[in-house]
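Below is run05.txt, holding compact mmCIF, C-alpha atoms.
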```
# COMPACT_ATOMS: atom_id res chain seq x y z
CA MET A 1 91.54 116.72 143.08
CA GLY A 2 92.38 120.33 143.90
CA SER A 3 92.84 121.21 140.21
CA GLU A 4 89.62 119.56 139.06
CA LEU A 5 87.49 121.65 136.69
CA VAL A 6 83.79 121.09 137.26
CA PRO A 7 81.42 122.06 134.39
CA ARG A 8 78.96 124.69 135.63
CA ALA A 9 75.26 124.58 134.84
CA ALA A 10 75.16 128.39 134.83
CA ALA A 11 77.10 128.46 131.54
CA LEU A 12 73.85 127.80 129.67
CA LEU A 13 72.10 130.60 131.58
CA ILE A 14 74.87 133.03 130.64
CA GLU A 15 74.67 132.05 126.97
CA ALA A 16 70.90 132.62 127.03
CA ALA A 17 71.27 135.98 128.79
CA LEU A 18 73.84 137.17 126.24
CA GLY A 19 71.48 136.16 123.47
CA ARG A 20 68.77 138.40 124.91
CA SER A 21 70.65 141.38 126.34
CA PRO A 22 73.68 143.46 125.31
CA VAL A 23 75.03 143.23 128.88
CA ALA A 24 74.91 140.18 131.14
CA ALA A 25 75.99 140.29 134.77
CA LEU A 26 77.30 137.17 136.50
CA ILE A 27 77.15 137.86 140.22
CA GLY A 28 78.01 135.77 143.24
CA ALA A 29 80.30 135.47 146.23
CA ARG A 30 84.00 136.04 145.74
CA GLN A 31 85.81 132.77 144.82
CA CYS A 32 82.61 130.93 143.88
CA GLY A 33 83.89 130.28 140.33
CA LYS A 34 82.77 133.32 138.30
CA THR A 35 86.20 133.97 136.78
CA THR A 36 86.73 130.31 135.85
CA LEU A 37 83.33 130.24 134.17
CA ALA A 38 83.92 133.51 132.31
CA ARG A 39 87.22 132.22 130.94
CA GLN A 40 85.27 129.50 129.14
CA PHE A 41 83.84 132.33 127.03
CA VAL A 42 86.89 134.62 126.72
CA ALA A 43 90.40 133.42 127.57
CA ALA A 44 92.55 135.29 130.08
CA GLY A 45 95.12 137.36 128.18
CA SER A 46 92.69 138.17 125.40
CA PRO A 47 92.32 141.90 124.62
CA ASN A 48 88.62 141.35 125.33
CA TYR A 49 89.28 140.33 128.96
CA PHE A 50 89.63 142.91 131.75
CA ASP A 51 90.34 141.93 135.35
CA LEU A 52 89.92 144.97 137.57
CA GLU A 53 92.19 143.45 140.22
CA ASP A 54 94.99 143.44 137.63
CA PRO A 55 96.93 146.76 137.43
CA LEU A 56 97.41 146.26 133.68
CA SER A 57 93.66 146.00 133.08
CA LEU A 58 93.07 149.05 135.25
CA ALA A 59 95.63 151.00 133.26
CA ARG A 60 93.99 149.96 129.97
CA LEU A 61 90.70 151.33 131.28
CA ASP A 62 92.05 154.77 132.22
CA GLU A 63 90.20 155.91 129.10
CA PRO A 64 87.33 153.37 129.06
CA MET A 65 85.61 154.53 125.88
CA THR A 66 88.90 154.39 123.98
CA ALA A 67 89.67 150.92 125.35
CA LEU A 68 86.23 149.34 124.97
CA GLY A 69 84.80 151.14 121.94
CA PRO A 70 86.80 149.36 119.19
CA LEU A 71 86.23 145.86 120.60
CA SER A 72 83.80 143.43 119.02
CA GLY A 73 82.40 140.10 120.06
CA LEU A 74 82.16 139.23 123.74
CA VAL A 75 83.99 141.45 126.24
CA VAL A 76 84.47 140.33 129.87
CA ILE A 77 84.98 142.76 132.75
CA ASP A 78 85.81 141.01 136.03
CA GLU A 79 85.24 142.54 139.51
CA VAL A 80 83.20 145.35 137.98
CA GLN A 81 82.14 146.69 141.40
CA ARG A 82 85.61 148.25 141.64
CA ARG A 83 84.80 150.63 138.77
CA PRO A 84 81.09 151.57 139.00
CA ASP A 85 81.77 154.48 136.63
CA LEU A 86 82.03 151.92 133.81
CA PHE A 87 78.28 151.30 133.81
CA GLY A 88 77.61 154.63 132.14
CA VAL A 89 80.15 153.78 129.44
CA LEU A 90 78.54 150.36 128.92
CA ARG A 91 75.16 152.01 128.42
CA VAL A 92 76.54 154.09 125.54
CA LEU A 93 78.27 151.07 124.00
CA ALA A 94 75.22 148.83 124.41
CA ASP A 95 73.06 151.33 122.50
CA ARG A 96 75.23 151.42 119.40
CA GLU A 97 73.53 150.40 116.18
CA GLY A 98 74.17 146.77 115.34
CA THR A 99 75.61 146.06 118.84
CA PRO A 100 79.13 145.12 117.65
CA ALA A 101 80.06 143.95 121.18
CA ARG A 102 78.27 142.28 124.06
CA PHE A 103 79.51 142.54 127.60
CA LEU A 104 79.73 140.00 130.40
CA VAL A 105 80.45 141.74 133.69
CA LEU A 106 81.37 139.80 136.83
CA GLY A 107 80.65 141.13 140.29
CA SER A 108 81.07 139.95 143.87
CA ALA A 109 78.18 142.12 145.03
CA GLY A 110 74.46 141.89 144.46
CA PRO A 111 72.42 144.31 142.33
CA GLU A 112 71.61 146.41 145.40
CA LEU A 113 75.29 147.30 145.73
CA LEU A 114 75.60 147.82 141.98
CA ARG A 115 72.87 150.45 141.77
CA GLN A 116 74.72 152.23 138.99
CA SER A 117 74.11 149.22 136.76
CA ALA A 118 70.40 149.17 137.53
CA GLU A 119 70.13 152.90 136.85
CA SER A 120 72.47 153.24 133.87
CA LEU A 121 71.66 149.94 132.18
CA ALA A 122 67.94 149.62 132.85
CA GLY A 123 66.46 147.40 130.15
CA ARG A 124 69.91 146.47 128.84
CA ILE A 125 71.32 144.16 131.55
CA GLU A 126 70.31 140.71 132.77
CA TYR A 127 71.57 139.25 136.05
CA THR A 128 72.54 135.62 136.67
CA GLU A 129 73.60 134.55 140.13
CA LEU A 130 76.29 131.89 140.47
CA SER A 131 76.21 129.93 143.71
CA GLY A 132 78.87 127.54 144.92
CA LEU A 133 79.22 124.11 143.35
CA GLN A 134 76.00 122.11 143.39
CA VAL A 135 75.04 118.45 143.76
CA ALA A 136 73.78 118.37 140.16
CA GLU A 137 77.23 119.48 138.96
CA LEU A 138 79.19 117.06 141.15
CA GLY A 139 77.03 113.95 141.38
CA ALA A 140 74.97 112.65 144.29
CA GLU A 141 77.87 110.55 145.59
CA ARG A 142 79.68 113.74 146.63
CA MET A 143 76.75 115.44 148.33
CA GLU A 144 78.02 114.64 151.84
CA THR A 145 81.42 116.23 151.17
CA LEU A 146 79.68 119.23 149.60
CA TRP A 147 77.54 119.64 152.72
CA GLN A 148 80.53 119.34 155.04
CA ARG A 149 82.98 121.60 153.17
CA GLY A 150 80.58 123.92 151.35
CA GLY A 151 80.44 124.81 147.68
CA PHE A 152 83.45 127.10 147.20
CA PRO A 153 85.64 125.17 144.73
CA ARG A 154 88.91 125.62 146.62
CA SER A 155 87.31 124.47 149.86
CA LEU A 156 85.39 121.56 148.39
CA LEU A 157 88.23 120.30 146.18
CA ALA A 158 91.01 120.72 148.76
CA ASP A 159 93.24 117.69 149.32
CA SER A 160 92.20 117.26 152.96
CA ASP A 161 89.69 118.48 155.54
CA ALA A 162 92.50 120.43 157.21
CA ASP A 163 93.38 122.22 153.97
CA SER A 164 89.71 122.99 153.40
CA LEU A 165 89.37 124.53 156.88
CA ILE A 166 92.47 126.67 156.40
CA TRP A 167 91.04 128.02 153.15
CA ARG A 168 87.70 128.87 154.78
CA LYS A 169 89.41 130.64 157.68
CA SER A 170 91.42 132.73 155.23
CA TYR A 171 88.31 133.48 153.18
CA LEU A 172 86.42 134.89 156.18
CA GLN A 173 89.44 136.91 157.27
CA THR A 174 89.67 138.50 153.82
CA PHE A 175 85.91 139.08 153.83
CA VAL A 176 86.19 141.05 157.08
CA GLU A 177 89.40 142.91 156.33
CA ARG A 178 88.94 143.68 152.60
CA ASP A 179 85.47 142.99 151.22
CA LEU A 180 83.36 144.71 153.87
CA PRO A 181 85.54 147.87 154.10
CA GLN A 182 85.32 148.22 150.30
CA PHE A 183 81.63 149.04 150.81
CA GLY A 184 82.04 151.37 153.74
CA ALA A 185 82.12 149.02 156.74
CA GLY A 186 83.67 150.92 159.61
CA LEU A 187 83.47 148.54 162.56
CA ALA A 188 86.73 147.11 163.87
CA ALA A 189 87.60 143.64 162.55
CA PRO A 190 87.35 141.95 166.00
CA THR A 191 83.79 143.29 166.39
CA ILE A 192 82.78 141.94 162.98
CA HIS A 193 84.32 138.56 163.80
CA ARG A 194 82.29 138.47 167.03
CA MET A 195 79.17 139.39 165.08
CA MET A 196 79.69 136.54 162.62
CA LEU A 197 80.21 134.05 165.45
CA MET A 198 76.96 135.23 167.03
CA LEU A 199 75.14 135.05 163.71
CA ALA A 200 76.25 131.43 163.35
CA HIS A 201 74.19 130.62 166.44
CA TYR A 202 71.14 132.15 164.76
CA HIS A 203 71.57 129.99 161.64
CA GLY A 204 68.09 128.71 160.73
CA GLN A 205 66.40 130.84 163.39
CA ILE A 206 64.67 134.19 163.82
CA VAL A 207 67.24 136.95 164.39
CA ASN A 208 67.05 138.99 167.59
CA LEU A 209 68.52 142.32 166.53
CA ARG A 210 68.22 143.85 169.99
CA ALA A 211 70.20 141.03 171.62
CA LEU A 212 72.90 141.27 168.96
CA ALA A 213 73.16 145.04 169.37
CA THR A 214 73.33 144.85 173.16
CA THR A 215 76.02 142.17 173.19
CA LEU A 216 78.13 144.00 170.60
CA SER A 217 77.55 147.45 172.19
CA ILE A 218 76.33 148.92 168.91
CA SER A 219 72.95 150.18 167.73
CA GLU A 220 70.23 148.04 166.17
CA THR A 221 70.48 150.24 163.09
CA THR A 222 74.17 149.33 162.74
CA VAL A 223 73.41 145.64 163.17
CA ARG A 224 70.73 145.83 160.49
CA ARG A 225 73.08 147.69 158.13
CA TYR A 226 75.78 145.03 158.51
CA LEU A 227 73.32 142.19 158.00
CA ASP A 228 72.14 143.83 154.79
CA LEU A 229 75.72 144.32 153.65
CA MET A 230 76.62 140.70 154.40
CA GLU A 231 73.56 139.61 152.45
CA HIS A 232 74.44 141.77 149.46
CA LEU A 233 77.92 140.20 149.50
CA PHE A 234 76.37 136.70 149.52
CA LEU A 235 77.62 135.65 152.97
CA ILE A 236 74.20 135.27 154.57
CA ARG A 237 70.59 134.99 153.48
CA GLN A 238 67.83 136.87 155.29
CA LEU A 239 64.72 134.88 154.49
CA ARG A 240 61.67 137.10 154.81
CA PRO A 241 58.35 135.92 156.29
CA TRP A 242 55.19 135.62 154.21
CA HIS A 243 51.90 136.91 155.60
CA GLU A 244 48.48 135.69 154.58
CA ASN A 245 45.22 137.41 155.48
CA LEU A 246 44.43 134.90 158.22
CA ARG A 247 42.87 135.08 161.65
CA LYS A 248 46.15 133.85 163.08
CA ARG A 249 49.16 135.59 164.57
CA GLN A 250 51.98 135.10 162.09
CA VAL A 251 55.72 135.49 162.55
CA LYS A 252 56.91 138.77 161.05
CA ARG A 253 60.64 138.70 161.73
CA THR A 254 63.40 137.46 159.44
CA LYS A 255 65.19 134.10 159.50
CA LEU A 256 68.95 133.99 158.93
CA TYR A 257 71.08 131.41 157.14
CA PHE A 258 74.75 131.30 156.17
CA ARG A 259 74.64 130.64 152.47
CA ASP A 260 77.66 128.34 152.42
CA SER A 261 77.50 125.35 154.76
CA GLY A 262 81.30 125.09 154.90
CA LEU A 263 81.69 128.65 156.21
CA PHE A 264 78.97 127.97 158.78
CA HIS A 265 80.75 124.82 159.93
CA HIS A 266 84.02 126.73 160.31
CA LEU A 267 82.32 129.35 162.49
CA ILE A 268 80.82 126.73 164.83
CA GLY A 269 84.09 124.80 165.05
CA VAL A 270 83.11 121.74 163.00
CA GLY A 271 85.89 120.39 160.79
CA THR A 272 84.98 116.81 159.89
CA MET A 273 81.85 114.86 159.02
CA ASP A 274 82.13 112.89 162.28
CA GLU A 275 82.10 116.16 164.23
CA LEU A 276 79.13 117.43 162.24
CA LEU A 277 77.06 114.30 162.82
CA THR A 278 77.44 114.67 166.60
CA ASP A 279 76.98 118.44 166.75
CA PRO A 280 73.68 119.72 168.24
CA ARG A 281 73.32 122.08 165.26
CA LEU A 282 73.23 119.19 162.79
CA GLY A 283 69.56 119.79 161.94
CA ALA A 284 70.05 123.51 161.35
CA SER A 285 73.07 122.79 159.17
CA TRP A 286 71.15 120.30 157.04
CA GLU A 287 68.21 122.70 156.70
CA GLY A 288 70.43 125.54 155.51
CA PHE A 289 72.32 123.32 153.07
CA VAL A 290 69.17 121.91 151.47
CA LEU A 291 67.49 125.32 151.44
CA GLU A 292 70.34 126.86 149.44
CA LYS A 293 70.46 123.87 147.10
CA THR A 294 66.72 124.14 146.49
CA LEU A 295 66.81 127.87 145.76
CA ALA A 296 69.83 127.53 143.45
CA GLU A 297 68.15 124.78 141.43
CA ALA A 298 64.56 126.04 141.41
CA ARG A 299 65.39 129.74 140.77
CA PRO A 300 61.91 130.82 141.92
CA ASP A 301 60.42 134.23 141.27
CA GLN A 302 60.11 134.80 145.03
CA ALA A 303 60.92 132.83 148.18
CA TYR A 304 59.74 133.20 151.79
CA PHE A 305 59.21 131.18 154.94
CA TRP A 306 55.93 131.08 156.85
CA ALA A 307 55.15 130.50 160.51
CA THR A 308 52.39 131.18 163.00
CA HIS A 309 52.70 131.75 166.73
CA ALA A 310 50.56 128.63 167.20
CA GLY A 311 53.37 126.49 165.80
CA ALA A 312 52.48 125.93 162.15
CA GLU A 313 55.39 126.60 159.81
CA LEU A 314 56.78 126.08 156.34
CA ASP A 315 60.50 126.20 155.60
CA LEU A 316 60.07 127.62 152.08
CA LEU A 317 57.19 129.13 150.18
CA LEU A 318 58.21 129.42 146.53
CA PHE A 319 56.35 131.41 143.90
CA ALA A 320 57.13 130.03 140.44
CA LYS A 321 55.24 129.66 137.17
CA GLY A 322 52.36 131.55 138.79
CA ARG A 323 51.94 128.73 141.34
CA ARG A 324 52.69 128.21 145.03
CA ILE A 325 55.14 125.48 145.99
CA GLY A 326 55.69 124.60 149.64
CA VAL A 327 58.96 123.01 150.77
CA GLU A 328 59.63 121.32 154.09
CA ILE A 329 63.15 120.11 154.91
CA LYS A 330 63.37 117.08 157.20
CA ARG A 331 66.40 115.08 158.29
CA VAL A 332 64.45 111.90 159.00
CA ASP A 333 64.41 108.44 157.44
CA ALA A 334 60.78 108.50 156.29
CA PRO A 335 58.83 111.79 156.44
CA ARG A 336 55.14 111.61 157.33
CA ARG A 337 52.30 114.08 157.11
CA THR A 338 52.15 116.44 160.08
CA PRO A 339 49.49 118.89 161.32
CA SER A 340 51.84 121.72 160.30
CA MET A 341 51.88 120.46 156.70
CA THR A 342 48.08 120.27 156.67
CA ALA A 343 47.85 123.84 158.00
CA ALA A 344 50.32 125.13 155.39
CA LEU A 345 48.45 123.45 152.52
CA ARG A 346 45.14 124.89 153.68
CA ASP A 347 46.13 128.36 154.87
CA LEU A 348 48.56 129.15 152.05
CA SER A 349 46.54 127.51 149.24
CA LEU A 350 49.58 125.56 148.11
CA ASP A 351 49.53 123.80 144.76
CA VAL A 352 51.94 121.18 146.09
CA LEU A 353 54.11 120.54 149.13
CA CYS A 354 57.48 118.78 148.75
CA VAL A 355 59.22 117.29 151.79
CA ILE A 356 62.94 117.06 151.06
CA TYR A 357 64.76 114.39 153.07
CA PRO A 358 68.08 112.44 152.96
CA GLY A 359 66.64 109.20 151.57
CA ASP A 360 66.72 107.96 147.98
CA LEU A 361 63.06 107.08 147.32
CA ARG A 362 60.44 109.53 146.02
CA TYR A 363 56.97 108.67 147.36
CA ARG A 364 53.56 110.19 148.04
CA ILE A 365 52.88 111.14 151.65
CA GLY A 366 49.33 112.26 150.99
CA ASP A 367 47.22 114.36 148.69
CA GLN A 368 49.45 117.14 147.27
CA ILE A 369 52.40 116.06 149.49
CA THR A 370 55.44 114.20 148.14
CA ALA A 371 58.68 113.10 149.80
CA VAL A 372 61.60 114.08 147.56
CA PRO A 373 65.21 112.82 147.96
CA ALA A 374 67.66 115.65 148.66
CA ALA A 375 70.06 114.35 146.02
CA GLU A 376 67.50 114.89 143.25
CA PRO A 377 67.62 118.15 141.27
CA PHE A 378 64.71 120.35 142.35
CA SER A 379 62.69 122.27 139.77
CA ALA A 380 59.34 124.01 139.78
CA GLU A 381 58.17 121.90 136.86
CA ALA A 382 58.99 118.62 138.58
CA ALA A 383 57.51 119.79 141.87
CA LEU A 384 54.23 120.88 140.28
CA GLY A 385 54.07 117.62 138.38
CA THR A 386 54.08 115.70 141.66
CA GLY A 387 51.04 117.59 142.90
CA ARG A 388 48.63 116.72 140.14
```

Now, as a test, write the supplied structure out as structure tokens.
Amino acid sequence: MGSELVPRAAALLIEAALGRSPVAALIGARQCGKTTLARQFVAAGSPNYFDLEDPLSLARLDEPMTALGPLSGLVVIDEVQRRPDLFGVLRVLADREGTPARFLVLGSAGPELLRQSAESLAGRIEYTELSGLQVAELGAERMETLWQRGGFPRSLLADSDADSLIWRKSYLQTFVERDLPQFGAGLAAPTIHRMMLMLAHYHGQIVNLRALATTLSISETTVRRYLDLMEHLFLIRQLRPWHENLRKRQVKRTKLYFRDSGLFHHLIGVGTMDELLTDPRLGASWEGFVLEKTLAEARPDQAYFWATHAGAELDLLLFAKGRRIGVEIKRVDAPRRTPSMTAALRDLSLDVLCVIYPGDLRYRIGDQITAVPAAEPFSAEAALGTGR
């Protein structure tokens, strides 16, 4: 099982991006499968493949224009964040008449940390984010294992739960000791480990920056900087609140989620499904898992949460196709309409509200509200179709 190759849905997105733009960027967390996917387009060992963690590739790019200029067809540059100076070279090459080469660059950092690409390649680059393995790629029968172990291929496909846990522990250690320092993180490793353990207790909740700063004996500004850095490196998601012009006090602080359920489970000391099902954070874990699945599949234009101080809330407010889609995530056998759902429909002018739950039957809860099985692929088109 550990050597299983799972076809990735993002391959079609990459092909489309390369058809539209001279440079396509495939971004996502380290070890999420970017390199494996890229090698479906250009084989390792090809003169058109550069891995910037390989000393040979680095040596070939000592003179980047000389190395890249003669190449034609598709050229892959892996771990491009290690050589941000290459973006200026790619701009020159992308503007050549006839575009003899197209470039697929892979990065383990978001566009915010690759500002050189946004500045140098404006109008020439298209970003595609690759998440961990998804239910639609694996089959619904493996959704429980995916939830427990997370979507990193080496964690999910490990031969045992123990092997999976060891991999996740090593991943987080490398994240703290190598990935964060690469982007200027200066806090000591033990302090960052403590911060991540504390963040795990905020999973699915509003973050209290002051409490974090006080406990860690650092400033709120430092806490905020590290949260932003962890988000840009795809470890966490800071879900921003949406505000309507209402005569109600609305929540204005950010919610936090660990993007990979397996890493979250490691941080809270959960190693097996039996342990997860008896853990008091079961509901928060399920919410985070389904939230990431929904965002990966729907690929909305924008995503927020919404809440009022009176208790009304909505787990996800998605803007897609010029419409508003509400999403509630419930770990119950049969979701029913609640006053909070009614408030969200009215106050946010939702086109439709989908309640995602663990069952296997899609059914109408009420006007504009539909219960949707978590194992089903989620798309804006399908969601909007349920609301008519």

Item to check | Contacts of Ala140 (chain A) at 12 Å (all atoms listed in the file; same-chain gap of 2+ positions) as a list of chain:residue names | outcome: A:Gln134, A:Val135, A:Ala136, A:Glu137, A:Leu138, A:Arg142, A:Met143, A:Glu144, A:Thr145, A:Leu146, A:Trp147, A:Pro358, A:Gly359, A:Asp360, A:Pro373, A:Ala374, A:Ala375, A:Glu376, A:Pro377

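Across A:Asp279, A:Asp347, A:Asp228, A:Glu292, the tightest approach to Ala312 (chain A) is made by A:Asp347 when counting only C-alpha atoms.
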
Next on the checklist: Measuring between all atoms listed in the file, which one of A:Met196, A:Val223, A:Leu26, A:Leu61 shows the shortest distance to Leu263 (chain A)?
Outcome noted: A:Met196

Taking the point (82.5, 124.0, 148.5) as given in the file, collect each protein or nucleic acid residue that comes within 10 Å of it, counting only C-alpha atoms, and present the set as a short mmCIF file (atom, residue, chain, number, x, y, z; two decimals) with C-alpha atoms, keeping the file's coordinate frame.
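The resulting part12.cif:
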```
data_model
loop_
_atom_site.label_atom_id
_atom_site.label_comp_id
_atom_site.auth_asym_id
_atom_site.auth_seq_id
_atom_site.Cartn_x
_atom_site.Cartn_y
_atom_site.Cartn_z
CA CYS A 32 82.61 130.93 143.88
CA SER A 131 76.21 129.93 143.71
CA GLY A 132 78.87 127.54 144.92
CA LEU A 133 79.22 124.11 143.35
CA GLN A 134 76.00 122.11 143.39
CA THR A 145 81.42 116.23 151.17
CA LEU A 146 79.68 119.23 149.60
CA TRP A 147 77.54 119.64 152.72
CA GLN A 148 80.53 119.34 155.04
CA ARG A 149 82.98 121.60 153.17
CA GLY A 150 80.58 123.92 151.35
CA GLY A 151 80.44 124.81 147.68
CA PHE A 152 83.45 127.10 147.20
CA PRO A 153 85.64 125.17 144.73
CA ARG A 154 88.91 125.62 146.62
CA SER A 155 87.31 124.47 149.86
CA LEU A 156 85.39 121.56 148.39
CA LEU A 157 88.23 120.30 146.18
CA ALA A 158 91.01 120.72 148.76
CA SER A 164 89.71 122.99 153.40
CA ARG A 168 87.70 128.87 154.78
CA ASP A 260 77.66 128.34 152.42
CA SER A 261 77.50 125.35 154.76
CA GLY A 262 81.30 125.09 154.90
CA LEU A 263 81.69 128.65 156.21
#
```

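Rounded to one decimal, CA of Ser170 (chain A) and CA of Gly269 (chain A) lie 14.6 Å from each other.
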
Item to check | Nearest candidate to Ser219 (chain A) (options A:Leu187, A:Phe175, A:His203, A:Leu277; using only C-alpha atoms) | outcome: A:Leu187

Next on the checklist: Given the point (84.8, 122.6, 131.0) in the coordinates of this file, which residues lie within 10 Å, counting all atoms listed in the file, and how would they look as a ChimeraX atom specification?
Outcome noted: /A:4-8,11,36-37,39-40

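Minimum atom-to-atom distance to Ala24 (chain A), evaluated using all atoms listed in the file, belongs to A:Glu129 out of A:Glu129, A:Asp163, A:Asp51, A:Glu287.
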